[in-house]
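First the structure, in the form of structure tokens, and then the observations on it.
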Amino acid sequence: MHILPSPRLGRRTFLRAGAVAVALPLLDAMTPHVLRAGSPAAADATPPQRMVLIHRPLGTYYPFLFPEQTGLKYQATRFLKILEPHRGRFTVFSGISHLGYPNSHGTDSALFTGVAPEGVRRADDIHNTISLDQEAAELTGSHTRLPSLTLNTANCASLSWNRKGVPIPFERNRARLFTRMFIDGAPEEIDREQKRLAAGRSILDGVRDQLKTLGQELGAADRDRLDTMTTSIREAENSLYQDEAWIARPKPQVEASVKDFQRADHWVDEQQQWFTLVQLALQTDSTRVVVLGLGEHNQTGQPDLEIGHHDASHHGKEPEKIEQLARYEEKEYANFGRFLDNLQNVNEGGRPLLDQTQLLFASNLGDASAHSSDNLPVILAGGGFRHQGHVAFDREKNTPLSNLYVRMLQQFGKETDRFGSSTGVLSELG
């Protein structure tokens, strides 16, 4: 129990810099009772590694995904038949999950962090750690216009989190993303933006100095809260510096226009547009790290779908609903397969872009009908790994998914043997 020193801070205390006021987080001291990123570097001669993490919120009907055989000579299941042209370029894992997670939709926020189970006990009170994409982005962020992209149409706080467990804001508008990456502003717009960035740096400088002074007067718990806020300010500063370094540089030109991403007739088309945007971002080296969250779907515009995606996923073993779910998932796997096709067909330094792109296709649920967090459907494609077709772990005692994340970070160039709740490193990919 912490006894607050006198004088106490008012709850409405603000930090002021320039013409703005930044509200402090709730601190113990406010309760009345006891209680510089550098400029972008030139690209290496060797094509860089990329990482794309894709989240699907409603699991997969696993009998149609996991083969009975292991290795590369498996007999393709209903869903793997769709990916057959890429046999040998991906590995599907069974018997893998984040151990100890509750059976809940709310674990989606931790799919790419692997935080200890205590962090996701309550969906409305997530205590997260850094996500896989942000760990990778720290290695490459200054080399591209955008350190990373967090794209999300799913219903969760975020799929991307910083080192202090603060969610990274995400983009859900395709046309706005295209404009951000590929449409140059007029000279007067660039001038206004440069002034805005300079003003932003001045504000953050003032706020940071005041936080430093304030932190000397607070207890340990309050200093931890301020440290989280300071980390967010530091990340905002780095983002401003990076924006300044790139703002006057022409954006890459692509054979597409913003109109191509302003509307979609149905969710299948919308999903294809997201994959196209990710491909363009990688192909132009606008970023090297992407998280894409795919939302639940409806039956509109698809003549073979009669019920909603969520309803189908909670099938209760009813054959009719299972078939409806399989049709949703076939379309998702078909879109994923086309994405693999496109990355395989892009030549970069004499090699397919897919070879330089780690592509994780996963869900936070195994059996959505039971809200199960065990036996997750996980596919890793590309990235230069020695792919094994089907790697099967114990379906009763799963292997930690974070062990795979450690291996992915190593492949990305980070010297580490730990991530999230890992217990080792997955060695099956070489």
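As shown in the structure tokens, the chain order sets the letters A, B, ...; within each chain, residues go from 1, and ligands are also counted from 1 in the order they appear.
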Discussion item. I want to know what sits within 12 Å of Lys259 in chain A, based on only C-alpha atoms, with residues of the same chain fewer than 5 positions away left out; could you give that as a ChimeraX atom specification?
Written reply: /A:174-176,178-179,264,273
Store the residues of this selection in a file with C-alpha atoms, as a PDB file, in the first residue's frame.
```pdb
ATOM      1  CA  ARG A 174      -7.512   0.808 -48.254  1.00  0.00           C
ATOM      2  CA  ALA A 175      -7.734   4.000 -50.329  1.00  0.00           C
ATOM      3  CA  ARG A 176      -6.131   6.043 -47.563  1.00  0.00           C
ATOM      4  CA  PHE A 178      -2.696   3.659 -51.063  1.00  0.00           C
ATOM      5  CA  THR A 179      -2.554   7.476 -50.928  1.00  0.00           C
ATOM      6  CA  ALA A 264     -15.295  -3.711 -53.302  1.00  0.00           C
ATOM      7  CA  GLN A 273      -7.323  -5.637 -52.505  1.00  0.00           C
TER       8      GLN A 273
END
```
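Counting only C-alpha atoms and comparing A:Leu353, A:Leu401, A:Ile82, A:Val115, the residue that lies closest to Gly420 in chain A is A:Val115.
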Item to complete: Pick out the closest residue to Ala312 in chain A from this set: A:Gln49, A:Ser427, A:Gln299, A:Asn155. Count only C-alpha atoms.
Response: A:Gln299
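Between Ile54 in chain A and the candidates A:Gln253, A:Asn347, A:Gln271, A:Gln388, the tightest atom-to-atom separation, counting only C-alpha atoms, involves A:Gln271.
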Item to complete: Write out as a list in words each polymer residue whose atoms come within 10 Å of Ile126 in chain A, counting only C-alpha atoms; drop sequence neighbours fewer than 5 positions from it.
Response: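 Near neighbours after the sequence-gap exclusion: Gly106, Thr107, Ser109, Ala110, Val115, Glu118, Gly119, Val120, Arg121, Ala157, Gly165, Val166 and Pro167 of chain A.
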Those residues you just picked out, can you put them in a file as a compact mmCIF listing (two decimals), in the first residue's frame with all heavy atoms?
```
# COMPACT_ATOMS: atom_id res chain seq x y z
N GLY A 106 -10.99 -13.22 -27.39
CA GLY A 106 -10.15 -12.11 -26.93
C GLY A 106 -8.67 -12.36 -26.99
O GLY A 106 -7.88 -11.43 -26.76
N THR A 107 -8.26 -13.59 -27.30
CA THR A 107 -6.82 -13.86 -27.39
C THR A 107 -6.21 -13.37 -28.70
O THR A 107 -5.00 -13.48 -28.90
CB THR A 107 -6.54 -15.36 -27.24
OG1 THR A 107 -7.26 -16.07 -28.26
CG2 THR A 107 -6.98 -15.87 -25.87
N SER A 109 -5.60 -10.43 -29.67
CA SER A 109 -4.63 -9.35 -29.43
C SER A 109 -3.25 -9.89 -29.06
O SER A 109 -2.26 -9.15 -29.14
CB SER A 109 -5.13 -8.42 -28.33
OG SER A 109 -6.28 -7.71 -28.75
N ALA A 110 -3.17 -11.14 -28.65
CA ALA A 110 -1.89 -11.72 -28.24
C ALA A 110 -1.36 -12.74 -29.22
O ALA A 110 -0.34 -13.37 -28.95
CB ALA A 110 -2.04 -12.36 -26.86
N VAL A 115 2.44 -13.34 -25.25
CA VAL A 115 2.56 -12.93 -23.86
C VAL A 115 2.16 -14.09 -22.96
O VAL A 115 1.39 -14.97 -23.36
CB VAL A 115 1.69 -11.68 -23.60
CG1 VAL A 115 0.20 -12.03 -23.71
CG2 VAL A 115 1.99 -11.06 -22.25
N GLU A 118 -1.24 -14.93 -18.22
CA GLU A 118 -1.82 -13.95 -17.31
C GLU A 118 -2.16 -12.65 -18.03
O GLU A 118 -3.05 -11.91 -17.59
CB GLU A 118 -0.84 -13.65 -16.16
CG GLU A 118 -0.57 -14.83 -15.24
CD GLU A 118 0.35 -15.88 -15.85
OE1 GLU A 118 1.08 -15.54 -16.82
OE2 GLU A 118 0.33 -17.04 -15.38
N GLY A 119 -1.48 -12.36 -19.11
CA GLY A 119 -1.70 -11.11 -19.83
C GLY A 119 -3.00 -11.07 -20.61
O GLY A 119 -3.44 -9.99 -21.01
N VAL A 120 -3.61 -12.24 -20.85
CA VAL A 120 -4.83 -12.29 -21.66
C VAL A 120 -5.98 -12.97 -20.93
O VAL A 120 -6.92 -13.45 -21.56
CB VAL A 120 -4.57 -12.99 -23.01
CG1 VAL A 120 -3.69 -12.15 -23.90
CG2 VAL A 120 -3.95 -14.38 -22.80
N ARG A 121 -5.92 -13.00 -19.62
CA ARG A 121 -6.99 -13.62 -18.85
C ARG A 121 -8.33 -12.93 -19.10
O ARG A 121 -9.38 -13.54 -19.13
CB ARG A 121 -6.67 -13.60 -17.35
CG ARG A 121 -5.56 -14.54 -16.94
CD ARG A 121 -5.90 -15.99 -17.20
NE ARG A 121 -4.84 -16.89 -16.76
CZ ARG A 121 -4.62 -18.08 -17.24
NH1 ARG A 121 -5.38 -18.53 -18.23
NH2 ARG A 121 -3.65 -18.83 -16.79
N ALA A 157 -8.37 -4.86 -30.26
CA ALA A 157 -7.68 -3.61 -29.92
C ALA A 157 -6.58 -3.32 -30.92
O ALA A 157 -6.47 -2.22 -31.46
CB ALA A 157 -7.10 -3.70 -28.51
N GLY A 165 3.87 -2.77 -24.28
CA GLY A 165 2.53 -3.34 -24.31
C GLY A 165 1.45 -2.34 -24.65
O GLY A 165 0.30 -2.50 -24.24
N VAL A 166 1.82 -1.32 -25.41
CA VAL A 166 0.85 -0.32 -25.87
C VAL A 166 0.46 -0.67 -27.31
O VAL A 166 1.34 -0.91 -28.14
CB VAL A 166 1.43 1.10 -25.80
CG1 VAL A 166 0.45 2.12 -26.37
CG2 VAL A 166 1.80 1.45 -24.36
N PRO A 167 -0.84 -0.72 -27.62
CA PRO A 167 -1.25 -1.10 -28.99
C PRO A 167 -0.81 -0.08 -30.02
O PRO A 167 -0.88 1.13 -29.79
CB PRO A 167 -2.77 -1.19 -28.90
CG PRO A 167 -3.15 -0.36 -27.71
CD PRO A 167 -2.01 -0.48 -26.75
```
Worksheet item: Pick the closest to Ser369 in chain A from A:Glu296, A:Glu318, A:Asp394, A:Glu330: which is it, counting only C-alpha atoms?
Response: A:Glu318
Item to complete: Go through A:Ile307, A:Ala256, A:Val346, A:Ala136 one by one, measure the shortest atom-to-atom distance of each to Leu282 in chain A using only C-alpha atoms, and give the residue with the smallest value.
Response: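 Among A:Ile307, A:Ala256, A:Val346, A:Ala136, it is A:Val346 that comes nearest to Leu282 in chain A.
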Worksheet entry | For Gln302 in chain A, the nearest of the candidates A:Glu348, A:Asp125, A:Asp265, A:Glu320, counting only C-alpha atoms |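 The shortest atom-to-atom distance to Gln302 in chain A comes from A:Asp265.
Relative to CA of Met51 in chain A, CA of Asn345 in chain A is found at 17.5 Å.
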Discussion item. Using Å and a single decimal, report how far CA of Arg327 in chain A sits from CA of Leu83 in chain A.
Written reply: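 Computing the Euclidean distance for CA of Leu83 in chain A and CA of Arg327 in chain A yields 15.3 Å.
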Worksheet item: So what do you get for CA of Leu380 in chain A versus CA of Val92 in chain A, distance-wise?
Response: 6.5 Å
Worksheet entry | Non-local contacts of Met408 in chain A (12 Å; only C-alpha atoms; under 5 positions in same chain excluded) as a ChimeraX atom specification | /A:49-53,112,132-133,135-136,357-360,380-385,401-403,413-419,425-430
